[in-house]
file protein06.txt (compact mmCIF, C-alpha atoms)
# COMPACT_ATOMS: atom_id res chain seq x y z
CA MET A 1 -36.92 -21.12 -15.76
CA VAL A 2 -35.91 -19.04 -18.71
CA PHE A 3 -32.53 -17.39 -18.66
CA SER A 4 -33.25 -13.76 -19.29
CA GLY A 5 -29.66 -12.61 -19.58
CA ASN A 6 -30.40 -9.55 -17.54
CA GLU A 7 -27.14 -9.90 -15.68
CA LYS A 8 -25.52 -7.82 -18.37
CA GLY A 9 -28.42 -5.39 -18.37
CA TYR A 10 -27.99 -4.90 -14.63
CA ASP A 11 -24.33 -4.08 -15.09
CA GLU A 12 -25.08 -1.58 -17.79
CA SER A 13 -27.71 0.14 -15.68
CA ASN A 14 -24.95 0.76 -13.19
CA ARG A 15 -22.64 2.18 -15.83
CA PRO A 16 -23.47 5.89 -15.78
CA LYS A 17 -22.86 6.08 -12.02
CA ARG A 18 -19.52 4.43 -12.40
CA THR A 19 -17.95 6.28 -15.31
CA THR A 20 -16.37 9.02 -13.21
CA GLU A 21 -15.22 6.42 -10.70
CA ASP A 22 -13.84 4.28 -13.57
CA LYS A 23 -11.89 7.25 -14.89
CA PHE A 24 -10.53 7.94 -11.44
CA ILE A 25 -9.50 4.30 -10.96
CA ASN A 26 -7.85 4.22 -14.38
CA ALA A 27 -5.90 7.34 -13.50
CA LEU A 28 -4.78 5.64 -10.27
CA LYS A 29 -3.73 2.60 -12.29
CA LYS A 30 -1.74 4.87 -14.59
CA LYS A 31 0.00 6.35 -11.53
CA ASP A 32 -1.37 9.79 -12.28
CA ILE A 33 -0.13 12.03 -9.46
CA SER A 34 -3.20 14.29 -9.52
CA ALA A 35 -5.42 11.22 -9.05
CA TYR A 36 -3.43 10.33 -5.92
CA GLU A 37 -3.83 13.90 -4.67
CA LYS A 38 -7.59 13.51 -5.16
CA LEU A 39 -7.49 10.14 -3.40
CA TYR A 40 -5.83 11.73 -0.41
CA ASP A 41 -8.22 14.69 -0.35
CA GLU A 42 -11.36 12.59 -0.65
CA TYR A 43 -10.60 9.59 1.49
CA SER A 44 -8.04 10.57 4.13
CA GLY A 45 -10.81 11.91 6.40
CA ILE A 46 -12.81 8.70 6.52
CA VAL A 47 -9.74 6.43 6.54
CA GLY A 48 -8.37 8.54 9.40
CA GLY A 49 -11.72 8.31 11.21
CA ILE A 50 -11.85 4.53 10.85
CA ALA A 51 -8.26 4.25 12.04
CA ARG A 52 -8.76 6.56 14.99
CA SER A 53 -11.82 4.79 16.34
CA TYR A 54 -10.68 1.27 15.50
CA LEU A 55 -7.25 1.68 17.05
CA ASN A 56 -8.36 4.16 19.71
CA ALA A 57 -4.96 5.73 19.16
CA ASP A 58 -3.48 8.80 17.58
CA ASP A 59 -0.92 7.58 15.05
CA VAL A 60 -3.55 7.86 12.35
CA GLU A 61 -1.25 9.62 9.91
CA ASP A 62 0.95 6.52 9.65
CA VAL A 63 -2.11 4.35 8.95
CA ILE A 64 -3.25 6.70 6.18
CA GLN A 65 0.19 6.67 4.54
CA GLU A 66 0.26 2.88 4.65
CA VAL A 67 -3.31 2.53 3.32
CA PHE A 68 -2.71 4.81 0.33
CA LEU A 69 0.65 3.20 -0.44
CA ARG A 70 -1.11 -0.17 -0.51
CA VAL A 71 -3.65 1.34 -2.91
CA PHE A 72 -0.77 2.48 -5.11
CA LYS A 73 0.76 -0.99 -5.07
CA SER A 74 -2.40 -3.00 -5.62
CA VAL A 75 -4.85 -0.82 -7.57
CA LYS A 76 -3.80 -2.65 -10.74
CA ARG A 77 -5.44 -5.75 -9.32
CA PHE A 78 -8.70 -3.93 -8.54
CA LYS A 79 -11.27 -5.46 -10.89
CA GLY A 80 -14.31 -3.48 -9.81
CA ASP A 81 -16.04 -6.44 -8.13
CA SER A 82 -17.01 -4.07 -5.34
CA ALA A 83 -17.26 -0.31 -5.06
CA PHE A 84 -13.86 1.36 -4.92
CA SER A 85 -14.66 2.77 -1.46
CA THR A 86 -15.46 -0.72 -0.12
CA TRP A 87 -12.16 -2.00 -1.46
CA LEU A 88 -10.30 0.97 0.01
CA TYR A 89 -11.93 0.67 3.46
CA ARG A 90 -11.13 -3.04 3.47
CA ILE A 91 -7.47 -2.12 3.00
CA ALA A 92 -7.85 0.43 5.81
CA VAL A 93 -9.28 -2.22 8.14
CA ASN A 94 -6.48 -4.64 7.26
CA VAL A 95 -3.82 -1.99 7.87
CA CYS A 96 -5.43 -1.22 11.25
CA LYS A 97 -5.33 -4.94 12.10
CA ASP A 98 -1.61 -4.97 11.29
CA PHE A 99 -1.10 -1.94 13.53
CA LEU A 100 -2.99 -3.67 16.36
CA LYS A 101 -0.68 -6.66 16.02
CA ARG A 102 2.27 -4.30 16.25
CA TYR A 103 0.81 -2.65 19.36
CA SER A 104 0.31 -5.97 21.10
CA LYS A 105 3.92 -6.92 20.33
CA ARG A 106 5.15 -3.56 21.57
CA SER A 107 3.08 -3.63 24.77
CA GLU A 108 4.67 -6.95 25.68
CA THR A 109 8.06 -5.30 25.84
CA ILE A 110 7.46 -1.62 26.52
CA VAL A 111 5.92 -0.18 29.66
CA ASP A 112 4.04 3.05 29.07
CA PHE A 113 5.66 5.83 31.09
CA GLU A 114 3.67 8.60 29.51
CA ASP A 115 2.67 11.22 32.06
CA GLU A 116 -0.77 12.60 31.92
CA GLU A 117 -0.59 16.12 30.65
CA ILE A 118 -2.49 18.77 32.56
CA PRO A 119 -3.61 21.37 30.07
CA PHE A 120 -3.93 25.00 31.06
CA GLN A 121 -7.56 25.82 31.66
CA GLU A 122 -9.34 29.14 31.62
CA PRO A 123 -11.07 29.98 34.90
CA VAL A 124 -14.75 29.11 34.65
CA SER A 125 -17.59 31.30 35.87
CA GLU A 126 -19.40 30.04 39.01
CA GLU A 127 -22.72 29.13 37.39
CA ASN A 128 -21.10 27.04 34.67
CA ILE A 129 -18.88 25.05 36.98
CA GLU A 130 -21.41 22.32 37.73
CA GLN A 131 -22.33 21.91 34.09
CA LYS A 132 -18.68 21.84 33.08
CA ILE A 133 -17.77 19.25 35.66
CA ALA A 134 -20.70 17.12 34.57
CA SER A 135 -19.80 17.31 30.88
CA GLU A 136 -16.12 16.66 31.61
CA TYR A 137 -17.12 13.64 33.65
CA GLU A 138 -19.28 12.51 30.73
CA MET A 139 -16.42 12.97 28.26
CA GLU A 140 -14.07 10.94 30.40
CA SER A 141 -16.71 8.27 30.82
CA PHE A 142 -17.35 8.08 27.07
CA GLU A 143 -13.63 7.75 26.51
CA GLU A 144 -13.48 4.93 29.04
CA ILE A 145 -16.64 3.20 27.82
CA LEU A 146 -15.62 3.24 24.17
CA GLY A 147 -12.20 2.01 25.21
CA LYS A 148 -13.90 -0.92 26.90
CA LEU A 149 -15.51 -2.09 23.68
CA SER A 150 -13.51 -4.56 21.66
CA GLU A 151 -11.74 -3.16 18.58
CA GLU A 152 -14.15 -5.02 16.35
CA ASP A 153 -17.24 -3.71 18.15
CA ARG A 154 -15.83 -0.20 17.87
CA LEU A 155 -15.17 -0.75 14.18
CA PHE A 156 -18.73 -1.96 13.54
CA ILE A 157 -20.23 1.00 15.39
CA THR A 158 -17.91 3.39 13.56
CA LEU A 159 -18.75 2.02 10.12
CA ARG A 160 -22.50 1.89 10.74
CA ASP A 161 -23.31 4.76 13.12
CA ILE A 162 -20.51 7.22 12.47
CA GLU A 163 -19.65 6.75 8.82
CA ASN A 164 -23.23 5.70 7.98
CA LEU A 165 -22.17 2.91 5.63
CA ASP A 166 -24.85 0.39 4.75
CA TYR A 167 -24.76 -3.21 5.95
CA GLU A 168 -23.82 -4.59 2.57
CA GLU A 169 -20.83 -2.30 2.25
CA ILE A 170 -19.72 -3.16 5.79
CA SER A 171 -20.06 -6.85 4.90
CA GLY A 172 -17.75 -6.24 1.92
CA ILE A 173 -15.26 -4.34 4.06
CA VAL A 174 -14.92 -6.82 6.89
CA GLY A 175 -15.32 -9.85 4.61
CA LYS A 176 -18.18 -11.37 6.63
CA PRO A 177 -21.66 -12.44 5.51
CA LEU A 178 -24.45 -9.88 5.68
CA GLY A 179 -26.34 -11.78 8.41
CA THR A 180 -23.25 -12.00 10.59
CA VAL A 181 -22.57 -8.29 10.14
CA LYS A 182 -26.14 -7.40 11.11
CA SER A 183 -26.05 -9.43 14.30
CA ARG A 184 -22.53 -8.22 15.16
CA ILE A 185 -23.67 -4.61 14.86
CA HIS A 186 -26.75 -5.35 16.93
CA TYR A 187 -24.61 -6.85 19.71
CA ALA A 188 -22.02 -4.08 19.54
CA ARG A 189 -24.76 -1.48 19.98
CA LYS A 190 -26.29 -3.49 22.82
CA LYS A 191 -22.92 -3.74 24.55
CA LEU A 192 -22.43 0.00 24.25
CA ARG A 193 -25.91 0.70 25.60
CA ASN A 194 -25.30 -1.64 28.55
CA LEU A 195 -21.99 0.06 29.36
CA LEU A 196 -23.62 3.48 29.18
CA GLN A 197 -26.31 2.29 31.57
CA LYS A 198 -23.70 0.80 33.90
CA TYR A 199 -21.86 4.13 34.04
CA GLY A 200 -25.14 5.88 34.74
CA ILE A 201 -25.01 8.12 31.70
CA ASP A 202 -28.29 9.44 30.43
CA MET B 1 -38.32 -4.31 31.89
CA GLY B 2 -40.69 -5.86 29.38
CA CYS B 3 -39.97 -3.10 26.90
CA ASP B 4 -36.26 -3.91 26.66
CA GLU B 5 -36.05 -6.28 23.74
CA PHE B 6 -38.84 -4.78 21.69
CA TYR B 7 -37.56 -1.23 21.99
CA GLU B 8 -33.94 -2.25 21.65
CA GLU B 9 -34.85 -3.71 18.29
CA MET B 10 -36.78 -0.56 17.50
CA MET B 11 -33.86 1.64 18.52
CA ASP B 12 -31.59 -0.29 16.18
CA ARG B 13 -34.05 0.14 13.36
CA TYR B 14 -34.42 3.83 14.23
CA PHE B 15 -30.66 4.34 13.88
CA ASP B 16 -30.77 2.35 10.64
CA ASN B 17 -33.56 4.62 9.30
CA GLU B 18 -35.78 1.60 8.84
CA LEU B 19 -38.81 2.70 10.85
CA THR B 20 -42.05 3.66 9.13
CA ALA B 21 -43.70 6.97 10.05
CA GLU B 22 -46.20 5.08 12.18
CA GLU B 23 -43.43 3.20 14.02
CA ILE B 24 -41.50 6.43 14.63
CA LYS B 25 -44.62 7.94 16.21
CA ASN B 26 -45.06 4.91 18.49
CA PHE B 27 -41.36 4.89 19.37
CA ARG B 28 -41.43 8.59 20.36
CA GLU B 29 -44.50 8.07 22.48
CA HIS B 30 -42.78 5.22 24.27
CA LEU B 31 -39.65 7.30 24.90
CA MET B 32 -41.79 10.00 26.48
CA ALA B 33 -43.31 7.47 28.84
CA CYS B 34 -40.31 5.21 29.61
CA ASP B 35 -37.37 6.78 31.49
CA SER B 36 -35.12 3.78 31.03
CA CYS B 37 -35.54 3.69 27.23
CA SER B 38 -35.25 7.46 26.86
CA ALA B 39 -32.04 7.48 28.95
CA SER B 40 -30.65 4.65 26.84
CA PHE B 41 -31.60 6.43 23.61
CA ARG B 42 -30.13 9.78 24.72
CA SER B 43 -26.88 8.34 26.04
CA TYR B 44 -26.37 6.28 22.87
CA LYS B 45 -26.79 9.37 20.72
CA LYS B 46 -24.38 11.30 22.94
CA ALA B 47 -21.79 8.51 22.84
CA ILE B 48 -21.99 8.41 19.05
CA SER B 49 -21.62 12.15 18.71
CA PHE B 50 -18.67 12.02 21.14
CA GLN B 51 -17.02 9.30 19.07
CA LYS B 52 -17.78 11.22 15.90
CA THR B 53 -15.97 14.29 17.21
CA LYS B 54 -13.15 12.23 18.64
CA SER B 55 -12.51 10.25 15.50
CA SER B 56 -13.03 13.13 13.08
CA PHE B 57 -9.84 13.48 11.18
CA THR B 58 -8.79 16.37 9.02
CA SER B 59 -5.97 15.51 6.73
CA SER B 60 -2.91 17.69 7.00
CA MET B 61 -1.01 19.18 4.10
CA ILE B 62 2.18 17.72 5.56
CA GLY B 63 0.70 14.23 5.39
CA LYS B 64 -0.47 14.77 1.84
CA ASP B 65 2.92 16.14 0.71
CA LYS B 66 4.69 13.22 2.35
CA PHE B 67 2.43 10.76 0.54
CA ILE B 68 2.76 12.46 -2.86
CA LYS B 69 6.55 12.52 -2.49
CA LYS B 70 6.54 8.79 -1.76
CA ILE B 71 4.35 8.17 -4.81
CA ARG B 72 6.65 10.21 -7.04
CA ARG B 73 9.64 8.23 -5.80
CA LYS B 74 7.87 4.93 -6.33
CA LYS B 75 6.67 6.02 -9.74
CA ALA B 76 10.23 6.90 -10.75
CA LEU B 77 11.61 3.66 -9.37
CA PRO B 78 10.90 1.38 -12.38
CA MET B 79 12.53 4.00 -14.64
CA GLN B 80 15.55 4.15 -12.35
CA ILE B 81 15.77 0.38 -12.37
CA ALA B 82 15.48 0.38 -16.18
CA VAL B 83 18.20 3.02 -16.49
CA GLY B 84 20.38 1.13 -14.04
CA PHE B 85 19.82 -2.10 -15.90
CA ALA B 86 20.57 -0.42 -19.22
CA ALA B 87 23.75 1.05 -17.76
CA ILE B 88 24.86 -2.35 -16.46
CA THR B 89 24.02 -4.03 -19.79
CA LEU B 90 25.82 -1.36 -21.74
CA SER B 91 28.91 -1.51 -19.58
CA PHE B 92 28.86 -5.31 -19.80
CA PHE B 93 28.63 -5.34 -23.58
CA GLY B 94 31.05 -2.43 -23.80
CA THR B 95 33.61 -4.32 -21.77
CA LYS B 96 32.97 -7.46 -23.78
CA ALA B 97 33.38 -5.58 -27.05
CA TYR B 98 36.61 -4.04 -25.79
CA MET B 99 37.88 -7.40 -24.68
CA ASP B 100 36.95 -8.90 -28.04
CA PHE B 101 38.71 -6.08 -29.77
CA LYS B 102 41.74 -6.66 -27.60
CA ASN B 103 41.58 -10.38 -28.39
CA ILE B 104 41.39 -9.66 -32.09
CA ASP B 105 44.24 -7.28 -31.67
CA MET B 106 46.20 -9.94 -29.81
CA ARG B 107 45.39 -12.54 -32.44
CA TYR B 108 46.31 -10.09 -35.18
CA ARG B 109 49.54 -9.30 -33.41
CA MET B 110 50.24 -12.98 -32.99
CA ILE B 111 49.69 -13.55 -36.70
CA VAL B 112 51.89 -10.60 -37.60
CA ASP B 113 54.53 -11.68 -35.13
CA LYS B 114 54.42 -15.20 -36.44
CA SER B 115 54.69 -14.12 -40.04
CA VAL B 116 57.50 -11.72 -39.22
CA GLU B 117 59.27 -14.50 -37.38
CA MET B 118 58.75 -16.80 -40.33
CA MET B 119 60.07 -14.20 -42.71
CA VAL B 120 63.05 -13.57 -40.49
CA SER B 121 63.79 -17.23 -40.09
CA SER B 122 63.42 -17.84 -43.79
CA ALA B 123 65.66 -14.88 -44.51
CA SER B 124 68.36 -16.15 -42.20
CA SER B 125 68.22 -19.72 -43.60
CA GLU B 126 68.56 -18.39 -47.19
CA LYS B 127 72.30 -17.54 -46.93
CA PRO B 128 73.67 -20.96 -46.03
CA VAL B 129 71.70 -22.50 -48.89
CA LEU B 130 73.12 -20.01 -51.35
CA LYS B 131 76.52 -20.46 -49.87
CA GLY B 132 76.19 -24.21 -50.33
CA ILE B 133 75.28 -23.84 -53.96
CA ASN B 134 78.17 -21.46 -54.52
CA THR B 135 80.74 -23.73 -52.92
CA ALA B 136 79.42 -26.71 -54.85
CA SER B 137 79.76 -24.94 -58.17
CA ALA B 138 83.18 -23.63 -57.20
CA GLU B 139 84.30 -27.11 -56.28
CA ARG B 140 82.92 -28.39 -59.55
CA GLU B 141 84.86 -25.68 -61.43
CA ASN B 142 88.06 -26.60 -59.59
CA GLU B 143 87.49 -30.22 -60.44
CA THR B 144 87.12 -29.48 -64.15
CA GLU B 145 90.20 -27.30 -64.09
CA LYS B 146 92.15 -30.12 -62.47
CA ILE B 147 90.96 -32.63 -65.12
CA ILE B 148 91.86 -30.24 -67.94
CA LYS B 149 95.28 -29.77 -66.39
CA LEU B 150 95.84 -33.48 -66.10
CA VAL B 151 94.87 -34.09 -69.73
CA ASN B 152 97.18 -31.32 -70.87
CA ASP B 153 100.11 -32.78 -68.86
CA GLU B 154 99.72 -36.23 -70.40
CA GLU B 155 99.85 -34.83 -73.88
call {"tool": "encode", "arguments": {"input": "protein06.txt", "output": "C-alpha cells"}}
result
Amino acid sequence: MVFSGNEKGYDESNRPKRTTEDKFINALKKKDISAYEKLYDEYSGIVGGIARSYLNADDVEDVIQEVFLRVFKSVKRFKGDSAFSTWLYRIAVNVCKDFLKRYSKRSETIVDFEDEEIPFQEPVSEENIEQKIASEYEMESFEEILGKLSEEDRLFITLRDIENLDYEEISGIVGKPLGTVKSRIHYARKKLRNLLQKYGID
Amino acid sequence: MGCDEFYEEMMDRYFDNELTAEEIKNFREHLMACDSCSASFRSYKKAISFQKTKSSFTSSMIGKDKFIKKIRRKKALPMQIAVGFAAITLSFFGTKAYMDFKNIDMRYRMIVDKSVEMMVSSASSEKPVLKGINTASAERENETEKIIKLVNDEE
C-alpha cells in the first residue's frame, strides 16, 4: 500500500468551512465579550432544549449558565478535534449529568410538597369540548410517557429526532462508539413506541 | 404482527431520512393498509412534536446579561490578581527598603554616636595627661632651683 499523504489534503478541504468557526473560537479563546454574546445567542436555544428534555425539569437557565462558564474556562484546551458544536453539546450533556446527580442527592432528603397549580381556563364552546379533552389527555399522556423513559433514552431521542443531529455527532457528544449509539437510538425509539401503544395513543 | 420488525426498521430509517424513493412508496402503502403501524407512526410523530414544543427554549435577555456579567468579572479577575500581587510586592519591598533605610540610619547613628563618644572620652582624658606633664616639669624646675641654691650656699 502506498501512503498517499491525503490526510493533510482532507484537512485542507475542510478548511474553508471552518474559517469562520476558527475565528469565532479564537475570539472565545481571547475572551472577547462579543464572541460570548454570540455564543449565548446561537447556542442557548439548543443547550436549553437538550437540558430541558434530558432533565425533564425547568431549571434550564442554571444549566446554560454552567455550560457557557465551562466553555469560558476550557475553550483554551479546545484543539478542534471535533466540531465546536459537538464539543459544546458534550459539555452540556456532562453538566446535565451533574445536575441529575444533584437531583438524586436532593430527592433523598427533600420531599416535594409542591401543589399542583390549577391555571385559569377560558370557557370552551360545546363542540370543542370533546376535542379539547382528548388533546389534553394526550398532552398529559405524552408528559407521563416521556417521563417514563430513562434520561439517556430521552437524550438520544432529543439529539436525533428533535435536534436532528447525525449519528456521528451524537457519538462524539455522548462519547460512545457509532454502533452503540445507533442501537441505543433504535431501542430508545422502540421503547417510546411501545409506551405510546400501551397508553393507547394513535 | 409479522410486519413489526420489518416496518419498525423502516420507520427508523424513515425518521433518519435513509429511505429511497421506492422504499418510501412501499412504506406509505403499508401504512395505509396496516392500522397498527399507522397508529405507531402517527403517535411517534405526535410525541416528538410534543417534546419539541416542550423542550423548545428561548433564551432570555436576563440570562444573557447574567452570563456576560459573570464573564466580565472572570475576565477582569487575572488583572485584579495581578494588581493585588503587585500591590503586595510593592508594599513588601517598600517596607523592606524603609527598614533597610532605618537600619542604615541606625548604623550611621551608632557610628556617629561611637565617634562622638570616642572624641568626648579622648577630650576628657587629655587634661590629666597635660596636667601630668606640667607637674613633672614644675617638679623638675623646683629640683634644679634647689640644687642651684645648695651649690650657692656651699660657696
call {"tool": "interface_residues", "arguments": {"input": "protein06.txt", "of": "chain A", "to": "chain B", "cutoff": "9 Å", "atoms": "all atoms listed in the file", "output": "number ranges by chain"}}
result
A: 31, 33, 36-37, 40-41, 44-53, 56, 60-62, 64-65, 68-69, 72, 139, 142-143, 145-146, 157-158, 160-164, 166, 186, 189-190, 192-194, 196-197, 201-202
call {"tool": "atom_distance", "arguments": {"input": "protein06.txt", "atom1": "CA of Leu55 in chain A", "atom2": "CA of Lys132 in chain A"}}
result
28.2 Å
call {"tool": "atom_distance", "arguments": {"input": "protein06.txt", "atom1": "CA of Ser171 in chain A", "atom2": "CA of Ile91 in chain A"}}
result
13.6 Å
call {"tool": "atom_distance", "arguments": {"input": "protein06.txt", "atom1": "CA of Ala21 in chain B", "atom2": "CA of Tyr7 in chain B"}}
result
15.7 Å
call {"tool": "closest_residue", "arguments": {"input": "protein06.txt", "among": "A:Lys38, A:Thr86, A:Ile25, A:Leu195", "to": "Leu149 in chain A", "atoms": "all atoms listed in the file"}}
result
A:Leu195
call {"tool": "residues_near_point", "arguments": {"input": "protein06.txt", "point": "(-3.7, 1.3, 10.2)", "cutoff": "8 Å", "atoms": "all atoms listed in the file", "output": "PDB file with C-alpha atoms, in the frame of the given file"}}
result
ATOM      1  CA  ALA A  51      -8.260   4.250  12.040  1.00  0.00           C
ATOM      2  CA  LEU A  55      -7.250   1.680  17.050  1.00  0.00           C
ATOM      3  CA  VAL A  60      -3.550   7.860  12.350  1.00  0.00           C
ATOM      4  CA  ASP A  62       0.950   6.520   9.650  1.00  0.00           C
ATOM      5  CA  VAL A  63      -2.110   4.350   8.950  1.00  0.00           C
ATOM      6  CA  ILE A  64      -3.250   6.700   6.180  1.00  0.00           C
ATOM      7  CA  GLU A  66       0.260   2.880   4.650  1.00  0.00           C
ATOM      8  CA  VAL A  67      -3.310   2.530   3.320  1.00  0.00           C
ATOM      9  CA  ALA A  92      -7.850   0.430   5.810  1.00  0.00           C
ATOM     10  CA  VAL A  93      -9.280  -2.220   8.140  1.00  0.00           C
ATOM     11  CA  ASN A  94      -6.480  -4.640   7.260  1.00  0.00           C
ATOM     12  CA  VAL A  95      -3.820  -1.990   7.870  1.00  0.00           C
ATOM     13  CA  CYS A  96      -5.430  -1.220  11.250  1.00  0.00           C
ATOM     14  CA  LYS A  97      -5.330  -4.940  12.100  1.00  0.00           C
ATOM     15  CA  ASP A  98      -1.610  -4.970  11.290  1.00  0.00           C
ATOM     16  CA  PHE A  99      -1.100  -1.940  13.530  1.00  0.00           C
ATOM     17  CA  LEU A 100      -2.990  -3.670  16.360  1.00  0.00           C
TER      18      LEU A 100
END
call {"tool": "decode", "arguments": {"input": "protein06.txt", "residues": "range 64-125 of chain B", "atoms": "C-alpha atoms", "output": "mmCIF file, in the first residue's frame"}}
result
data_model
loop_
_atom_site.group_PDB
_atom_site.id
_atom_site.type_symbol
_atom_site.label_atom_id
_atom_site.label_comp_id
_atom_site.auth_asym_id
_atom_site.auth_seq_id
_atom_site.Cartn_x
_atom_site.Cartn_y
_atom_site.Cartn_z
ATOM 1 C CA LYS B 64 -27.672 36.532 28.736
ATOM 2 C CA ASP B 65 -26.911 39.652 30.818
ATOM 3 C CA LYS B 66 -26.199 37.499 33.848
ATOM 4 C CA PHE B 67 -23.770 35.376 31.842
ATOM 5 C CA ILE B 68 -21.994 38.342 30.235
ATOM 6 C CA LYS B 69 -21.592 39.979 33.651
ATOM 7 C CA LYS B 70 -20.021 36.785 35.003
ATOM 8 C CA ILE B 71 -17.661 36.660 32.014
ATOM 9 C CA ARG B 72 -16.627 40.282 32.505
ATOM 10 C CA ARG B 73 -15.895 39.592 36.166
ATOM 11 C CA LYS B 74 -13.908 36.478 35.342
ATOM 12 C CA LYS B 75 -12.056 38.278 32.587
ATOM 13 C CA ALA B 76 -11.082 41.051 34.999
ATOM 14 C CA LEU B 77 -10.043 38.583 37.686
ATOM 15 C CA PRO B 78 -6.479 37.852 36.465
ATOM 16 C CA MET B 79 -5.876 41.622 36.199
ATOM 17 C CA GLN B 80 -7.205 42.116 39.722
ATOM 18 C CA ILE B 81 -4.969 39.325 40.961
ATOM 19 C CA ALA B 82 -2.002 40.891 39.143
ATOM 20 C CA VAL B 83 -2.754 44.310 40.623
ATOM 21 C CA GLY B 84 -3.193 42.785 44.051
ATOM 22 C CA PHE B 85 0.044 40.871 43.711
ATOM 23 C CA ALA B 86 1.854 43.983 42.512
ATOM 24 C CA ALA B 87 0.458 45.933 45.451
ATOM 25 C CA ILE B 88 1.593 43.258 47.912
ATOM 26 C CA THR B 89 5.043 43.064 46.277
ATOM 27 C CA LEU B 90 5.397 46.814 46.280
ATOM 28 C CA SER B 91 4.370 47.163 49.893
ATOM 29 C CA PHE B 92 6.726 44.323 50.828
ATOM 30 C CA PHE B 93 9.694 45.880 49.074
ATOM 31 C CA GLY B 94 8.659 49.321 50.252
ATOM 32 C CA THR B 95 8.634 48.161 53.844
ATOM 33 C CA LYS B 96 11.915 46.346 53.335
ATOM 34 C CA ALA B 97 13.507 49.436 51.817
ATOM 35 C CA TYR B 98 12.236 51.553 54.691
ATOM 36 C CA MET B 99 13.537 49.062 57.200
ATOM 37 C CA ASP B 100 16.892 48.982 55.429
ATOM 38 C CA PHE B 101 16.976 52.727 55.440
ATOM 39 C CA LYS B 102 16.173 52.716 59.123
ATOM 40 C CA ASN B 103 18.907 50.139 59.705
ATOM 41 C CA ILE B 104 21.394 52.250 57.810
ATOM 42 C CA ASP B 105 20.235 55.210 59.783
ATOM 43 C CA MET B 106 20.672 53.247 62.990
ATOM 44 C CA ARG B 107 24.108 52.051 61.937
ATOM 45 C CA TYR B 108 25.046 55.575 60.910
ATOM 46 C CA ARG B 109 23.803 56.889 64.212
ATOM 47 C CA MET B 110 25.729 54.199 66.033
ATOM 48 C CA ILE B 111 28.893 55.166 64.184
ATOM 49 C CA VAL B 112 28.331 58.843 64.878
ATOM 50 C CA ASP B 113 27.497 58.127 68.496
ATOM 51 C CA LYS B 114 30.549 55.962 68.849
ATOM 52 C CA SER B 115 32.832 58.521 67.290
ATOM 53 C CA VAL B 116 31.344 61.296 69.385
ATOM 54 C CA GLU B 117 31.824 59.160 72.459
ATOM 55 C CA MET B 118 35.392 58.468 71.444
ATOM 56 C CA MET B 119 36.033 62.135 70.865
ATOM 57 C CA VAL B 120 34.476 63.010 74.187
ATOM 58 C CA SER B 121 36.417 60.359 76.020
ATOM 59 C CA SER B 122 39.639 61.374 74.336
ATOM 60 C CA ALA B 123 38.930 65.003 75.151
ATOM 61 C CA SER B 124 38.347 64.242 78.803
ATOM 62 C CA SER B 125 41.487 62.065 79.103
#
